[in-house]
Amino acid sequence: MNRNAHHQFSTKAIHAGYDPKEHKDSLSPPIYQTSTFTFSTLEQGAKRFSGEEEGYIYSRLSNPTVAVLEERMAQLEDGEAALAFSSGMAAVSAALIGLTKTNDHILCSKGIYGCTFGLLQLLKNKYHIEYSFSDLSTTEEICSQIKENTACIYIETPINPTMRLIDLEKVTAVANEKGVKVVVDNTFSTPYLQKPISLGCDLVIHSGTKYIGGHGDVIAGVVVGSDELIKTLKGTVQKDIGGVIAQFDAWLLLRGIKTLAVRMDRHSENAEKIALSLKKHSKIKNVYYPGDPEHPDYHIMKKQMRNGGGLLSFELKGTYEDTVRFVNQLKLIPIAVSLGDAETLIQHPASMTHSVIPEEVRIKMGITNQLLRLSVGLEAWEDIWEDINTALKAIKD
């Protein structure tokens, strides 16, 4: 398949990596629901296993439906290759395990997903792999935090759920000089809003469950990078640990990707309006949205993102009990820990997605008991705001 590098994002999202002529003229990529593939001769099987001949062997190793997804994601992220996994955490695990060995060190952005934190703790306890957190805000700080045994820098930007941003070009300038790989969880932004590889990063991770799928009906993960890095991950952590994506799940992601640009525009437009409305409300203490000109990292957003995205967080004035009362009053907005769905979703990070993180670490990350994360959906923004505004009335002045 020749890459159509000159095509715009929305066109690639629909066509990249797929030629109907190679699949009996099927307009939609077929679901190759098979565990294994046959060989014409014993010699052919031997050549495929040795790598002398290209072709499919077994769906844990590769599958035609999954291959279309991987090629499409690679093109959308401006990478050379990609691997699809059974979940976002399978993708995170593959990247971090694949880049590290015993006694290595991982430098992380200050604020990461709770299960990623759990993985880091597991790596520390079982394999003596250290980790530490940094703001990564200045060249001097980045240099001072990189150790002789630092294998990679792991970044979320925007950070979940505080919505702080990391200047990726600043980090990669230092990392490349010191020979340290940079891994970015790009789930919140998607390749439509932000392209870390184009900014010098080595690997990009997605929880495909979120905006890539977009409909709340699939669990999946993706890693994108250079041919060399992806080949290494494919031949080790993916093949031998085996957290591969199912064919039907790959097909669901391909279906979701087709509308990614359209959806992200609407998510972002709605989020901007909700953030502005929240900022004006007397019962809201803080609003954290990268597209807000008063956000401390707004200048970074303007430099490396298309817009502020569909996620925001906000803190209520009052107590934890007030926060509980507000959330329980919502009627339209479901309480759920995912994001990127058509539905607007709200969750309480301190007791849900980041509850595994010790309280003192969580507070340092800015995750208070009054902080809520809102994944702004595709509904009419006026209806979303009406639900929030009505629930806010349940909080006493």
# chains A, B, ... in the order shown; residues from 1 in each chain; ligands from 1
>>> select_by_dssp(residues="region 241-396 of chain A", states="alpha helix (DSSP H)", output="JSON, numbers by chain")
{"A": [247, 248, 249, 250, 251, 252, 253, 254, 255, 256, 257, 260, 261, 262, 263, 264, 265, 266, 267, 268, 269, 270, 271, 272, 273, 274, 275, 276, 277, 278, 279, 298, 299, 300, 301, 302, 303, 304, 320, 321, 322, 323, 324, 325, 326, 327, 328, 329, 359, 360, 361, 362, 363, 364, 381, 382, 383, 384, 385, 386, 387, 388, 389, 390, 391, 392]}
>>> select_by_dssp(residues="region 158-320 of chain A", states="strand (DSSP E or B)", output="ChimeraX atom specification")
/A:181-185,203-207,221-225,244,284-288,311-316
>>> residues_around(residues="Ser282 (chain A)", least_positions_apart="5", cutoff="10 Å", atoms="only C-alpha atoms", output="PDB file with N, CA, C and O atoms, in the first residue's frame")
ATOM      1  N   LEU A 316     -15.040  22.546  42.445  1.00  0.00           N
ATOM      2  CA  LEU A 316     -16.155  23.254  43.047  1.00  0.00           C
ATOM      3  C   LEU A 316     -15.714  23.952  44.332  1.00  0.00           C
ATOM      4  O   LEU A 316     -14.806  23.473  45.024  1.00  0.00           O
ATOM      5  N   LYS A 317     -16.346  25.048  44.629  1.00  0.00           N
ATOM      6  CA  LYS A 317     -16.189  25.647  45.953  1.00  0.00           C
ATOM      7  C   LYS A 317     -16.955  24.773  46.945  1.00  0.00           C
ATOM      8  O   LYS A 317     -17.978  24.190  46.605  1.00  0.00           O
ATOM      9  N   LEU A 392     -25.755  22.441  39.926  1.00  0.00           N
ATOM     10  CA  LEU A 392     -25.014  23.373  40.781  1.00  0.00           C
ATOM     11  C   LEU A 392     -25.921  24.049  41.814  1.00  0.00           C
ATOM     12  O   LEU A 392     -25.463  24.459  42.891  1.00  0.00           O
ATOM     13  N   ASP A 397     -25.067  27.992  49.100  1.00  0.00           N
ATOM     14  CA  ASP A 397     -24.149  29.135  49.028  1.00  0.00           C
ATOM     15  C   ASP A 397     -23.380  29.285  50.349  1.00  0.00           C
ATOM     16  O   ASP A 397     -23.862  28.929  51.407  1.00  0.00           O
TER      17      ASP A 397
END
>>> closest_residue(among="A:Gly114, A:Gly179, A:Pro29, A:Pro191", to="Ser10 (chain A)", atoms="only C-alpha atoms")
A:Pro191
>>> residues_around(residues="region 199-207 of chain A", least_positions_apart="2", cutoff="7 Å", atoms="only C-alpha atoms", output="number ranges by chain")
A: 87-88, 91-92, 168-169, 172, 181-187, 195-197, 209-210, 220-225
>>> write_last_selection(atoms="C-alpha atoms", output="tab-separated table (two decimals), in the first residue's frame")
chain	number	residue	atom	x	y	z
A	87	SER	CA	-6.35	-2.17	25.74
A	88	GLY	CA	-4.70	1.16	26.34
A	91	ALA	CA	-0.11	-0.53	24.89
A	92	VAL	CA	1.42	1.42	27.82
A	168	LEU	CA	7.23	18.42	23.75
A	169	GLU	CA	9.84	20.18	21.63
A	172	THR	CA	12.81	16.14	23.01
A	181	LYS	CA	13.55	7.89	24.28
A	182	VAL	CA	10.41	10.02	24.69
A	183	VAL	CA	7.01	8.31	24.98
A	184	VAL	CA	3.79	10.34	24.85
A	185	ASP	CA	0.28	9.28	25.79
A	186	ASN	CA	-1.67	11.18	23.14
A	187	THR	CA	-5.09	9.81	24.10
A	195	LYS	CA	1.33	15.01	16.60
A	196	PRO	CA	4.12	14.17	19.07
A	197	ILE	CA	6.26	12.30	16.53
A	209	THR	CA	-11.10	3.00	23.72
A	210	LYS	CA	-11.50	6.76	23.89
A	220	ALA	CA	-8.19	-1.13	22.62
A	221	GLY	CA	-4.73	0.43	22.54
A	222	VAL	CA	-2.24	1.56	19.90
A	223	VAL	CA	1.49	2.35	19.84
A	224	VAL	CA	3.00	4.32	16.93
A	225	GLY	CA	6.68	4.94	16.20
>>> residues_around(residues="Ser109 (chain A)", least_positions_apart="2", cutoff="8 Å", atoms="only C-alpha atoms", output="PyMOL selection string")
chain A and resi 107+111-112+133-136+153-156+159+166
>>> write_last_selection(atoms="C-alpha atoms", output="CSV table (one decimal), in the first residue's frame")
chain,number,residue,atom,x,y,z
A,107,LEU,CA,11.2,10.0,34.2
A,111,GLY,CA,0.5,13.6,36.7
A,112,ILE,CA,-0.3,10.3,35.0
A,133,PHE,CA,8.0,12.8,38.5
A,134,SER,CA,8.9,16.2,37.1
A,135,ASP,CA,7.2,19.3,35.8
A,136,LEU,CA,9.5,19.1,32.7
A,153,ILE,CA,10.7,9.9,29.5
A,154,TYR,CA,7.0,9.2,29.8
A,155,ILE,CA,4.6,12.1,29.2
A,156,GLU,CA,0.9,12.8,29.3
A,159,ILE,CA,-2.1,15.6,31.9
A,166,ILE,CA,4.2,19.7,28.5
>>> residues_around(residues="His348 (chain A)", least_positions_apart="4", cutoff="10 Å", atoms="only C-alpha atoms", output="ChimeraX atom specification")
/A:161,313,323-324,327,335-337,352-355,367-374
>>> atom_distance(atom1="CA of Gln329 (chain A)", atom2="CA of Arg362 (chain A)")
26.0 Å
>>> closest_residue(among="A:Ala151, A:Lys279, A:Val237, A:Asn160", to="Lys110 (chain A)", atoms="only C-alpha atoms")
A:Asn160
>>> closest_residue(among="A:His6, A:Lys101, A:Lys24, A:His128", to="Leu76 (chain A)", atoms="only C-alpha atoms")
A:His6
>>> residues_around(residues="Leu233 (chain A)", least_positions_apart="3", cutoff="8 Å", atoms="only C-alpha atoms", output="JSON, numbers by chain")
{"A": [94, 95, 98, 229, 230, 236, 237, 238]}
>>> closest_residue(among="A:Leu332, A:His215, A:Gln145, A:Lys234", to="Val174 (chain A)", atoms="only C-alpha atoms")
A:Gln145
>>> closest_atom_pairs(of="region 167-222 of chain A", to="region 245-253 of chain A", cutoff="8 Å", atoms="only C-alpha atoms", output="Markdown table")
| residue | atom | partner | partner_atom | distance |
| --- | --- | --- | --- | --- |
| A:Gly208 | CA | A:Leu253 | CA | 7.1 |
| A:Ile212 | CA | A:Leu253 | CA | 6.3 |
| A:Gly213 | CA | A:Leu253 | CA | 4.6 |
| A:Val218 | CA | A:Asp249 | CA | 6.1 |
| A:Ile219 | CA | A:Asp249 | CA | 7.4 |
| A:Ala220 | CA | A:Ile245 | CA | 6.5 |
| A:Gly221 | CA | A:Ile245 | CA | 7.8 |
>>> atom_distance(atom1="CA of Glu386 (chain A)", atom2="CA of Leu330 (chain A)")
9.8 Å
>>> closest_residue(among="A:Ala74, A:Leu122, A:Ala13, A:Leu311", to="Thr157 (chain A)", atoms="only C-alpha atoms")
A:Leu311
>>> closest_atom_pairs(of="region 67-165 of chain A", to="region 291-299 of chain A", cutoff="10 Å", atoms="only C-alpha atoms", output="JSON lines")
{"residue": "A:Pro158", "atom": "CA", "partner": "A:Asp297", "partner_atom": "CA", "distance": 9.8}
{"residue": "A:Met163", "atom": "CA", "partner": "A:Asp297", "partner_atom": "CA", "distance": 9.1}
{"residue": "A:Arg164", "atom": "CA", "partner": "A:Asp297", "partner_atom": "CA", "distance": 6.6}
{"residue": "A:Leu165", "atom": "CA", "partner": "A:Asp297", "partner_atom": "CA", "distance": 5.9}
>>> closest_residue(among="A:Ile274, A:Met365, A:Cys143, A:Leu42", to="Asp383 (chain A)", atoms="only C-alpha atoms")
A:Ile274
>>> atom_distance(atom1="CA of Ser226 (chain A)", atom2="CA of Ala82 (chain A)")
8.2 Å
